[in-house]
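Undergrad: Sharing query00.txt, compact mmCIF, C-alpha atoms:
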```
# COMPACT_ATOMS: atom_id res chain seq x y z
CA MET A 1 0.00 0.00 0.00
CA THR A 2 1.20 3.50 -0.78
CA ARG A 3 2.29 5.30 2.37
CA ARG A 4 2.30 9.03 2.88
CA SER A 5 3.53 11.10 5.77
CA GLN A 6 1.42 13.60 7.67
CA PRO A 7 2.48 17.23 7.06
CA ASP A 8 3.41 19.60 9.86
CA PRO A 9 0.33 21.59 10.93
CA LYS A 10 1.89 25.01 10.37
CA PRO A 11 4.11 25.12 7.27
CA ARG A 12 6.33 28.14 6.84
CA ARG A 13 5.96 29.90 3.53
CA SER A 14 6.68 33.19 1.83
CA SER A 15 4.09 35.86 1.07
CA ALA A 16 2.67 34.07 -1.99
CA ASP A 17 -0.51 35.37 -3.57
CA SER A 18 -2.63 32.51 -2.19
CA ALA A 19 -5.86 34.05 -3.49
CA ARG A 20 -4.88 33.41 -7.09
CA VAL A 21 -5.25 29.92 -8.51
CA PHE A 22 -2.55 29.27 -11.09
CA PRO A 23 -3.10 26.67 -13.85
CA VAL A 24 -0.03 24.70 -12.79
CA THR A 25 2.17 24.31 -9.72
CA THR A 26 5.73 23.02 -9.63
CA VAL A 27 6.91 21.42 -6.39
CA ILE A 28 10.66 21.51 -5.72
CA PRO A 29 11.91 19.34 -2.85
CA CYS A 30 15.36 20.41 -1.74
CA PHE A 31 18.02 19.65 0.84
CA GLN A 32 21.42 21.32 0.99
CA ALA A 33 20.72 22.76 -2.47
CA ALA A 34 22.18 26.25 -2.08
CA ASP A 35 24.28 25.85 -5.25
CA THR A 36 21.37 24.94 -7.56
CA ILE A 37 18.04 26.00 -6.03
CA ALA A 38 18.03 29.48 -7.61
CA ARG A 39 18.43 27.99 -11.10
CA ALA A 40 15.70 25.43 -10.50
CA VAL A 41 13.21 28.02 -9.20
CA ALA A 42 14.03 30.49 -12.00
CA SER A 43 13.42 27.83 -14.65
CA ALA A 44 10.11 26.90 -13.00
CA LEU A 45 8.94 30.53 -12.86
CA SER A 46 9.50 30.81 -16.61
CA GLN A 47 7.03 28.01 -17.34
CA ASN A 48 3.54 28.58 -18.77
CA ARG A 49 4.51 32.17 -19.59
CA GLY A 50 4.94 32.88 -15.92
CA ALA A 51 1.42 31.78 -14.93
CA ILE A 52 2.66 29.28 -12.37
CA ARG A 53 3.02 28.73 -8.67
CA VAL A 54 6.21 27.24 -7.21
CA ILE A 55 6.28 25.42 -3.86
CA THR A 56 9.76 24.78 -2.49
CA VAL A 57 9.87 22.17 0.26
CA ILE A 58 13.11 22.28 2.23
CA ASP A 59 13.52 18.81 3.67
CA GLY A 60 14.85 19.61 7.11
CA PRO A 61 16.38 22.88 8.32
CA CYS A 62 18.91 24.21 5.80
CA ALA A 63 19.60 27.88 6.42
CA ASP A 64 21.57 28.58 3.23
CA THR A 65 18.94 27.11 0.91
CA GLN A 66 16.12 28.83 2.80
CA ARG A 67 17.89 32.19 2.65
CA ILE A 68 18.30 31.96 -1.13
CA VAL A 69 14.63 31.13 -1.68
CA GLU A 70 13.50 33.96 0.61
CA ARG A 71 15.72 36.46 -1.22
CA LEU A 72 13.91 35.70 -4.48
CA ASN A 73 10.99 37.66 -3.03
CA ASP A 74 8.56 36.46 -5.68
CA PRO A 75 4.86 36.25 -4.69
CA ARG A 76 4.47 33.13 -6.84
CA VAL A 77 6.95 31.21 -4.66
CA SER A 78 5.90 29.50 -1.44
CA LEU A 79 8.42 28.20 1.06
CA VAL A 80 7.79 25.18 3.29
CA VAL A 81 10.34 23.77 5.75
CA ASN A 82 10.11 20.23 7.13
CA GLN A 83 11.19 20.17 10.75
CA THR A 84 13.08 16.91 10.12
CA ASN A 85 14.44 15.20 7.03
CA LEU A 86 11.54 13.16 5.62
CA GLY A 87 12.93 12.28 2.20
CA ALA A 88 12.03 13.46 -1.30
CA PRO A 89 8.78 11.42 -1.70
CA ALA A 90 7.34 12.77 1.56
CA SER A 91 8.37 16.31 0.60
CA ARG A 92 6.70 15.95 -2.80
CA ASN A 93 3.55 14.65 -1.16
CA ARG A 94 3.57 17.64 1.15
CA GLY A 95 3.77 19.98 -1.82
CA LEU A 96 0.96 18.03 -3.50
CA GLY A 97 -1.17 18.52 -0.41
CA LEU A 98 -0.64 22.28 -0.49
CA ALA A 99 -1.14 22.78 -4.24
CA THR A 100 -4.40 24.31 -5.45
CA SER A 101 -3.68 24.22 -9.19
CA PRO A 102 -5.44 21.68 -11.40
CA TYR A 103 -2.04 20.59 -12.81
CA ILE A 104 1.20 19.88 -11.01
CA SER A 105 4.79 18.96 -11.78
CA PHE A 106 7.84 18.07 -9.72
CA LEU A 107 11.39 19.30 -10.16
CA ASP A 108 14.45 18.20 -8.22
CA ALA A 109 16.53 21.08 -6.88
CA ASP A 110 19.56 20.26 -9.04
CA ASP A 111 17.52 19.85 -12.24
CA TYR A 112 15.82 22.50 -14.38
CA PHE A 113 13.51 23.22 -17.30
CA GLU A 114 15.00 24.05 -20.69
CA GLY A 115 12.50 26.33 -22.43
CA ASP A 116 8.77 26.32 -21.69
CA LEU A 117 7.98 22.66 -21.17
CA LEU A 118 4.88 22.96 -19.00
CA GLY A 119 2.92 25.52 -21.03
CA PRO A 120 2.47 23.38 -24.17
CA LEU A 121 2.30 20.14 -22.19
CA VAL A 122 -0.48 21.30 -19.87
CA ALA A 123 -2.41 22.78 -22.80
CA LEU A 124 -2.20 19.42 -24.56
CA MET A 125 -3.31 17.60 -21.42
CA GLN A 126 -6.33 19.88 -21.17
CA GLU A 127 -7.21 19.29 -24.81
CA GLU A 128 -6.85 15.51 -24.57
CA LYS A 129 -8.26 15.24 -21.02
CA ALA A 130 -5.10 13.43 -19.99
CA ASP A 131 -4.19 12.33 -16.48
CA LEU A 132 -0.49 12.83 -17.01
CA GLY A 133 1.77 14.23 -19.67
CA PHE A 134 5.25 13.36 -20.89
CA GLY A 135 7.63 15.89 -22.41
CA PRO A 136 11.14 15.62 -23.87
CA SER A 137 13.97 14.63 -21.54
CA VAL A 138 17.60 15.65 -21.41
CA HIS A 139 20.05 13.47 -19.49
CA LEU A 140 22.99 15.71 -18.66
CA HIS A 141 26.01 13.65 -17.66
CA PRO A 142 29.59 14.92 -17.20
CA GLN A 143 30.70 12.75 -20.15
CA TYR A 144 27.67 13.01 -22.46
CA THR A 145 24.26 14.53 -23.12
CA ARG A 146 21.25 12.49 -24.24
CA ARG A 147 18.00 13.88 -25.60
CA PHE A 148 14.87 11.95 -26.43
CA GLY A 149 11.17 12.51 -26.91
CA PRO A 150 8.35 10.48 -25.32
CA ASP A 151 7.37 8.51 -28.42
CA TYR A 152 5.41 5.80 -26.59
CA VAL A 153 2.60 4.43 -28.73
CA ASP A 154 0.44 2.90 -25.98
CA HIS A 155 0.50 1.76 -22.34
CA GLU A 156 2.22 -1.54 -23.08
CA ASP A 157 4.93 0.15 -25.11
CA ALA A 158 5.49 2.78 -22.40
CA PHE A 159 5.70 0.24 -19.59
CA VAL A 160 7.97 -2.23 -21.35
CA ARG A 161 10.41 0.33 -22.73
CA TRP A 162 10.53 2.37 -19.53
CA PHE A 163 10.84 -0.47 -17.01
CA SER A 164 13.23 -2.43 -19.22
CA GLY A 165 15.60 0.52 -19.19
CA ILE A 166 15.33 1.37 -22.89
CA GLN A 167 13.77 4.83 -22.50
CA ASN A 168 12.33 6.59 -19.48
CA VAL A 169 11.09 10.13 -18.86
CA ASN A 170 12.78 11.99 -16.04
CA THR A 171 10.80 13.61 -13.23
CA ALA A 172 11.25 17.12 -14.63
CA SER A 173 9.55 16.09 -17.88
CA VAL A 174 6.31 14.81 -16.35
CA ALA A 175 3.14 16.79 -15.55
CA TRP A 176 0.10 15.51 -13.71
CA SER A 177 -3.55 16.21 -13.20
CA ALA A 178 -3.38 17.00 -9.47
CA SER A 179 -6.73 15.34 -8.77
CA TYR A 180 -5.69 12.17 -10.57
CA LEU A 181 -2.36 12.04 -8.76
CA ARG A 182 -4.14 12.33 -5.41
CA SER A 183 -6.60 9.61 -6.45
CA ILE A 184 -3.78 7.05 -6.90
CA GLY A 185 -2.12 7.93 -3.60
CA GLY A 186 0.68 10.22 -4.69
CA TRP A 187 4.30 9.23 -4.11
CA ASP A 188 4.92 5.93 -2.37
CA GLU A 189 7.10 6.80 0.60
CA ALA A 190 7.88 3.14 1.26
CA ILE A 191 9.93 2.99 -1.96
CA ARG A 192 13.55 3.93 -1.19
CA ARG A 193 14.83 4.21 -4.77
CA ASN A 194 13.30 4.85 -8.21
CA GLN A 195 10.25 6.53 -6.66
CA ASP A 196 9.68 8.68 -9.75
CA GLY A 197 9.67 5.70 -12.10
CA GLU A 198 7.43 3.73 -9.76
CA LEU A 199 4.85 6.52 -9.67
CA ALA A 200 4.68 7.04 -13.44
CA LEU A 201 4.63 3.32 -14.22
CA ARG A 202 2.01 2.65 -11.54
CA ALA A 203 -0.18 5.20 -13.32
CA ILE A 204 0.52 3.55 -16.68
CA LEU A 205 -0.50 0.13 -15.34
CA LEU A 206 -3.67 1.68 -13.89
CA GLY A 207 -4.58 2.94 -17.35
CA ALA A 208 -3.91 6.66 -16.90
CA ARG A 209 -4.58 8.64 -20.06
CA PHE A 210 -1.32 10.23 -21.13
CA ALA A 211 -0.43 13.02 -23.54
CA ARG A 212 2.92 13.56 -25.25
CA SER A 213 4.55 16.88 -26.06
CA PHE A 214 7.77 17.39 -28.00
CA GLU A 215 8.43 21.01 -27.03
CA ALA A 216 11.24 22.20 -24.72
CA ALA A 217 12.68 19.71 -22.19
CA GLY A 218 13.18 18.75 -18.58
CA VAL A 219 16.87 18.44 -17.75
CA TRP A 220 18.06 15.74 -15.37
CA VAL A 221 21.54 16.60 -14.11
CA ASN A 222 23.37 13.38 -13.31
CA ASN A 223 25.92 14.59 -10.81
CA SER A 224 28.39 12.42 -8.95
CA GLY A 225 27.43 13.56 -5.46
CA GLY A 226 27.30 10.66 -3.03
CA ALA A 227 24.19 12.05 -1.32
CA ARG A 228 22.02 11.65 -4.42
CA ILE A 229 20.00 8.44 -4.25
CA THR A 230 20.89 7.38 -7.79
CA SER A 231 24.61 7.95 -7.13
CA ARG A 232 24.74 5.57 -4.17
CA THR A 233 25.49 1.87 -4.37
CA ASP A 234 24.40 0.85 -0.87
CA ASN A 235 20.70 0.92 -1.80
CA LEU A 236 20.68 -1.21 -4.95
CA GLY A 237 18.62 -3.87 -3.23
CA ALA A 238 15.78 -1.35 -2.87
CA LEU A 239 15.33 -1.45 -6.65
CA ILE A 240 13.96 -4.97 -6.30
CA ASP A 241 11.09 -3.59 -4.19
CA VAL A 242 9.64 -1.85 -7.25
CA VAL A 243 9.85 -5.06 -9.28
CA ASP A 244 8.07 -6.93 -6.49
CA LYS A 245 5.30 -4.34 -6.54
CA PHE A 246 4.77 -4.56 -10.31
CA GLU A 247 4.95 -8.38 -10.34
CA LYS A 248 1.82 -8.41 -8.18
CA MET A 249 -0.01 -5.56 -9.92
CA PRO A 250 -2.28 -6.77 -12.75
CA SER A 251 -3.34 -4.30 -15.40
CA ASP A 252 -6.22 -3.93 -17.84
CA VAL A 253 -4.01 -2.11 -20.37
CA VAL A 254 -0.68 -3.95 -20.12
CA PRO A 255 -0.87 -7.74 -20.72
CA ASP A 256 0.56 -9.97 -18.00
CA SER A 257 3.13 -11.37 -20.42
CA ALA A 258 4.45 -7.88 -21.23
CA ARG A 259 4.42 -6.80 -17.58
CA LEU A 260 6.37 -9.88 -16.45
CA PHE A 261 8.74 -9.59 -19.40
CA ALA A 262 9.58 -6.04 -18.36
CA CYS A 263 10.03 -7.17 -14.75
CA GLY A 264 12.45 -9.83 -15.92
CA CYS A 265 14.43 -7.29 -17.93
CA ARG A 266 14.47 -4.96 -14.94
CA LEU A 267 15.81 -7.67 -12.65
CA ARG A 268 18.59 -8.39 -15.11
CA ARG A 269 19.41 -4.69 -15.23
CA ILE A 270 19.48 -4.52 -11.43
CA ALA A 271 21.75 -7.56 -11.36
CA MET A 272 24.19 -5.96 -13.74
CA LEU A 273 24.14 -2.64 -11.88
CA ALA A 274 24.87 -4.48 -8.64
CA TYR A 275 27.52 -6.59 -10.35
CA ARG A 276 29.16 -3.44 -11.71
CA ALA A 277 29.17 -1.95 -8.20
CA GLY A 278 30.62 -5.12 -6.69
CA ASP A 279 27.47 -6.06 -4.74
CA LEU A 280 27.37 -9.69 -5.79
CA GLY A 281 24.72 -10.58 -3.20
CA VAL A 282 22.14 -8.23 -4.75
CA ALA A 283 23.19 -9.37 -8.23
CA ALA A 284 22.61 -13.02 -7.39
CA GLU A 285 19.28 -12.26 -5.67
CA ALA A 286 18.01 -10.34 -8.70
CA MET A 287 18.92 -13.17 -11.05
CA ALA A 288 17.33 -15.75 -8.76
CA ARG A 289 14.10 -13.75 -8.68
CA ARG A 290 14.19 -13.53 -12.45
CA ARG A 291 14.45 -17.32 -12.67
CA ARG A 292 11.45 -17.65 -10.34
CA LEU A 293 9.46 -15.52 -12.77
CA GLY A 294 10.03 -18.23 -15.37
CA PHE A 295 12.66 -16.49 -17.45
CA PRO A 296 15.90 -18.49 -17.64
CA ASP A 297 19.00 -16.37 -17.33
CA PRO A 298 20.93 -15.67 -20.53
CA LYS A 299 24.06 -17.82 -20.47
CA PHE A 300 26.42 -14.86 -20.41
CA ASP A 301 24.72 -13.49 -17.28
CA THR A 302 24.82 -16.70 -15.23
CA ASP A 303 28.34 -17.57 -16.32
CA ARG A 304 29.70 -14.16 -15.36
CA LEU A 305 27.84 -14.01 -12.07
CA MET A 306 28.89 -17.49 -11.01
CA ALA A 307 32.48 -16.76 -11.99
CA ALA A 308 32.34 -13.51 -10.02
CA LEU A 309 31.04 -15.28 -6.93
CA ALA A 310 33.92 -17.77 -7.14
CA ASN A 311 36.63 -15.34 -8.22
CA PRO A 312 35.60 -11.65 -8.18
CA LEU A 313 36.64 -9.64 -11.22
CA SER A 314 38.38 -6.33 -11.20
CA PRO A 315 36.31 -3.12 -11.51
CA LYS A 316 37.48 -2.77 -15.12
CA GLN A 317 36.35 -6.31 -15.96
CA ARG A 318 33.00 -5.75 -14.24
CA GLU A 319 32.52 -2.57 -16.30
CA ALA A 320 33.19 -4.42 -19.56
CA ALA A 321 30.81 -7.25 -18.60
CA TRP A 322 28.08 -4.80 -17.63
CA ARG A 323 28.34 -2.93 -20.94
CA ALA A 324 28.24 -6.15 -22.95
CA ALA A 325 25.16 -7.39 -21.09
CA SER A 326 23.43 -4.03 -21.55
CA ARG A 327 23.95 -4.17 -25.32
CA VAL A 328 22.52 -7.68 -25.55
CA LYS A 329 19.55 -6.68 -23.38
CA GLY A 330 18.78 -3.74 -25.68
CA TRP A 331 18.91 -6.03 -28.70
CA LEU A 332 16.54 -8.54 -27.06
CA VAL A 333 13.99 -5.92 -26.08
CA GLY A 334 14.20 -4.27 -29.50
CA ASN A 335 13.50 -7.60 -31.21
CA ARG A 336 10.52 -8.18 -28.93
CA ARG A 337 9.03 -4.79 -29.82
CA ALA A 338 9.58 -5.39 -33.54
CA GLY A 339 7.90 -8.79 -33.32
CA ALA A 340 4.92 -7.39 -31.46
CA GLN A 341 4.36 -4.69 -34.09
CA ARG A 342 4.39 -7.14 -37.01
```
Spit out the file's structure as structure tokens when you get a sec.
TA:
Amino acid sequence: MTRRSQPDPKPRRSSADSARVFPVTTVIPCFQAADTIARAVASALSQNRGAIRVITVIDGPCADTQRIVERLNDPRVSLVVNQTNLGAPASRNRGLGLATSPYISFLDADDYFEGDLLGPLVALMQEEKADLGFGPSVHLHPQYTRRFGPDYVDHEDAFVRWFSGIQNVNTASVAWSASYLRSIGGWDEAIRRNQDGELALRAILLGARFARSFEAAGVWVNNSGGARITSRTDNLGALIDVVDKFEKMPSDVVPDSARLFACGCRLRRIAMLAYRAGDLGVAAEAMARRRRLGFPDPKFDTDRLMAALANPLSPKQREAAWRAASRVKGWLVGNRRAGAQR
């Protein structure tokens, strides 16, 4: 069951014009984000031609971040401070609870919007009566930049490609009908990693109507900071929790065979991520769970994992094995999609 925290009874906020209902609200959870919060808020305020409300939720006292937000002195910006560190999902749920706009989006404090993503996306959602909307994504890495549009053709295609690791939409590139998001329980605070993917894919499995825009982009900045959840390697086992949830979640719009196929691909991806990080216990558990789903392991996966358990490879060898397995996985999923469309 989705779990949500209870908000503090008296949130602290700036002098926002609470009497005005903006078409869209962007919630920005932040913690120790003094270096990036101004950029994130500025990019949010430029959305929808400025007709937007921004709720910043500081997750635990952080004087530097709070001071920067307060100095912006913009009536469209509200400031909320959690008395203790609750985590990003709880902070997002708190912002969701305070939002009065019919549409809502979420932006991490170190990410930003490139151009006006929300204006065209929300307009399209209104036109198509969509529950959520996907816009273009930019993955900004120190060594590369990737751009892609949300070209999903239906719910099955979106779920399989996203959960298999072929193409996902980052948090900054997703907009929601606020009422729909509340109706499915918001962010699941029991999930310790991949909460954004879990939320979007849960909605897809539930049959949420989605719209796709190809204007502007949400930029996910993949930094190397150890505090970022996706940069850590001590929580890889938590990724299996999402697979467990989707294994047990039937859908009227995604066939069981496709859902379980994607879960199997995800478990293999988790195994290789863990293998790359040297966590052979999580790698072996993921592969064992995949076998229990009825999908035999590809020979190259089992051979490498068993060899690693007996005689661990060097980091360089693990990197090469992980890249090879990822290429084969992409080929397998691509062939499945091509066969399904014939």
Undergrad: Ranking A:Ile270, A:Ala158, A:Leu118, A:Ile28 by minimum distance to Gly207 of chain A and counting only C-alpha atoms, which one comes first?
TA: A:Ala158
Undergrad: Counting only C-alpha atoms, I want the residues whose atoms come within 12 Å of (12.7, 17.6, -14.6) in the file frame, returned as a ChimeraX atom specification.
TA: /A:26-29,40-41,43-44,105-118,134-140,169-175,196,216-222
Undergrad: Go through A:Ala130, A:Met125, A:Asn223, A:Thr84 and flag the residue nearest Pro142 of chain A, using only C-alpha atoms for the distances.
TA: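 Among the listed residues, the smallest separation from Pro142 of chain A belongs to A:Asn223.
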Undergrad: List the spatial neighbours of Arg67 of chain A as a list in words - criterion: any atom at most 12 Å away, all atoms listed in the file, same-chain residues fewer than 5 positions off excluded.
TA: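 The residues satisfying every condition are Ser14, Gln32, Ala33, Ala34, Asp35, Ile37, Ala38, Ile58, Pro61, Cys62, Leu72, Asn73, Leu79 and Val81 of chain A.
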Undergrad: Write the residues of the preceding selection, restricted to C-alpha atoms, as a PDB file, in the coordinates of the input.
TA:
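Listing of again.pdb after writing:
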```
ATOM      1  CA  SER A  14       6.680  33.190   1.830  1.00  0.00           C
ATOM      2  CA  GLN A  32      21.420  21.320   0.990  1.00  0.00           C
ATOM      3  CA  ALA A  33      20.720  22.760  -2.470  1.00  0.00           C
ATOM      4  CA  ALA A  34      22.180  26.250  -2.080  1.00  0.00           C
ATOM      5  CA  ASP A  35      24.280  25.850  -5.250  1.00  0.00           C
ATOM      6  CA  ILE A  37      18.040  26.000  -6.030  1.00  0.00           C
ATOM      7  CA  ALA A  38      18.030  29.480  -7.610  1.00  0.00           C
ATOM      8  CA  ILE A  58      13.110  22.280   2.230  1.00  0.00           C
ATOM      9  CA  PRO A  61      16.380  22.880   8.320  1.00  0.00           C
ATOM     10  CA  CYS A  62      18.910  24.210   5.800  1.00  0.00           C
ATOM     11  CA  LEU A  72      13.910  35.700  -4.480  1.00  0.00           C
ATOM     12  CA  ASN A  73      10.990  37.660  -3.030  1.00  0.00           C
ATOM     13  CA  LEU A  79       8.420  28.200   1.060  1.00  0.00           C
ATOM     14  CA  VAL A  81      10.340  23.770   5.750  1.00  0.00           C
TER      15      VAL A  81
END
```
Undergrad: Find the residue from A:Gly165, A:Pro23, A:Pro75, A:Pro255 that sits nearest to Tyr103 of chain A; use only C-alpha atoms when measuring.
TA: A:Pro23
Undergrad: Please provide the set of residues having any atom within 8 Å of segment 100-102 of chain A, restricted to all atoms listed in the file, with same-chain residues fewer than 5 positions apart removed, written as a list in words.
TA: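 Contacts, in chain order: Val21, Phe22, Pro23, Val24, Thr25, Ser177, Ala178 and Ser179 of chain A.
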Undergrad: Enter the distance from atom CA of Glu285 of chain A to atom CA of Ile240 of chain A, in Å, rounded to one decimal.
TA: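 Taking atom CA of Glu285 of chain A as the start and atom CA of Ile240 of chain A as the end point, the length is 9.0 Å.
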Undergrad: Record the distance separating atom CA of Ala211 of chain A and atom CA of Ser78 of chain A, expressed in Å with one decimal.
TA: 28.3 Å
Undergrad: Using all atoms listed in the file, which of A:Gln47, A:Ser183, A:Thr65, A:Asn93 sits nearest Gln195 of chain A?
TA: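 Ranked by minimum distance to Gln195 of chain A, first place goes to A:Asn93.
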Undergrad: Do you have the atom CA of Ile52 of chain A-atom CA of Arg39 of chain A distance handy?
TA: 15.9 Å
Undergrad: Rank nothing, just name the residue among A:Asp279, A:Asp244, A:Glu128, A:Asp154 nearest to Leu205 of chain A, using only C-alpha atoms.
TA: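 The closest residue to Leu205 of chain A is A:Asp154.
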Undergrad: With only C-alpha atoms as the basis for distance, which of A:Phe31, A:Trp187, A:Tyr144, A:Tyr152 is at the shortest distance from Ile166 of chain A?
TA: A:Tyr152
Undergrad: Compile the contact shell of Pro250 of chain A as a ChimeraX atom specification: residues with an atom at most 12 Å away, counting all atoms listed in the file, same-chain residues fewer than 4 positions apart removed.
TA: /A:202,204-207,245-246,254-260
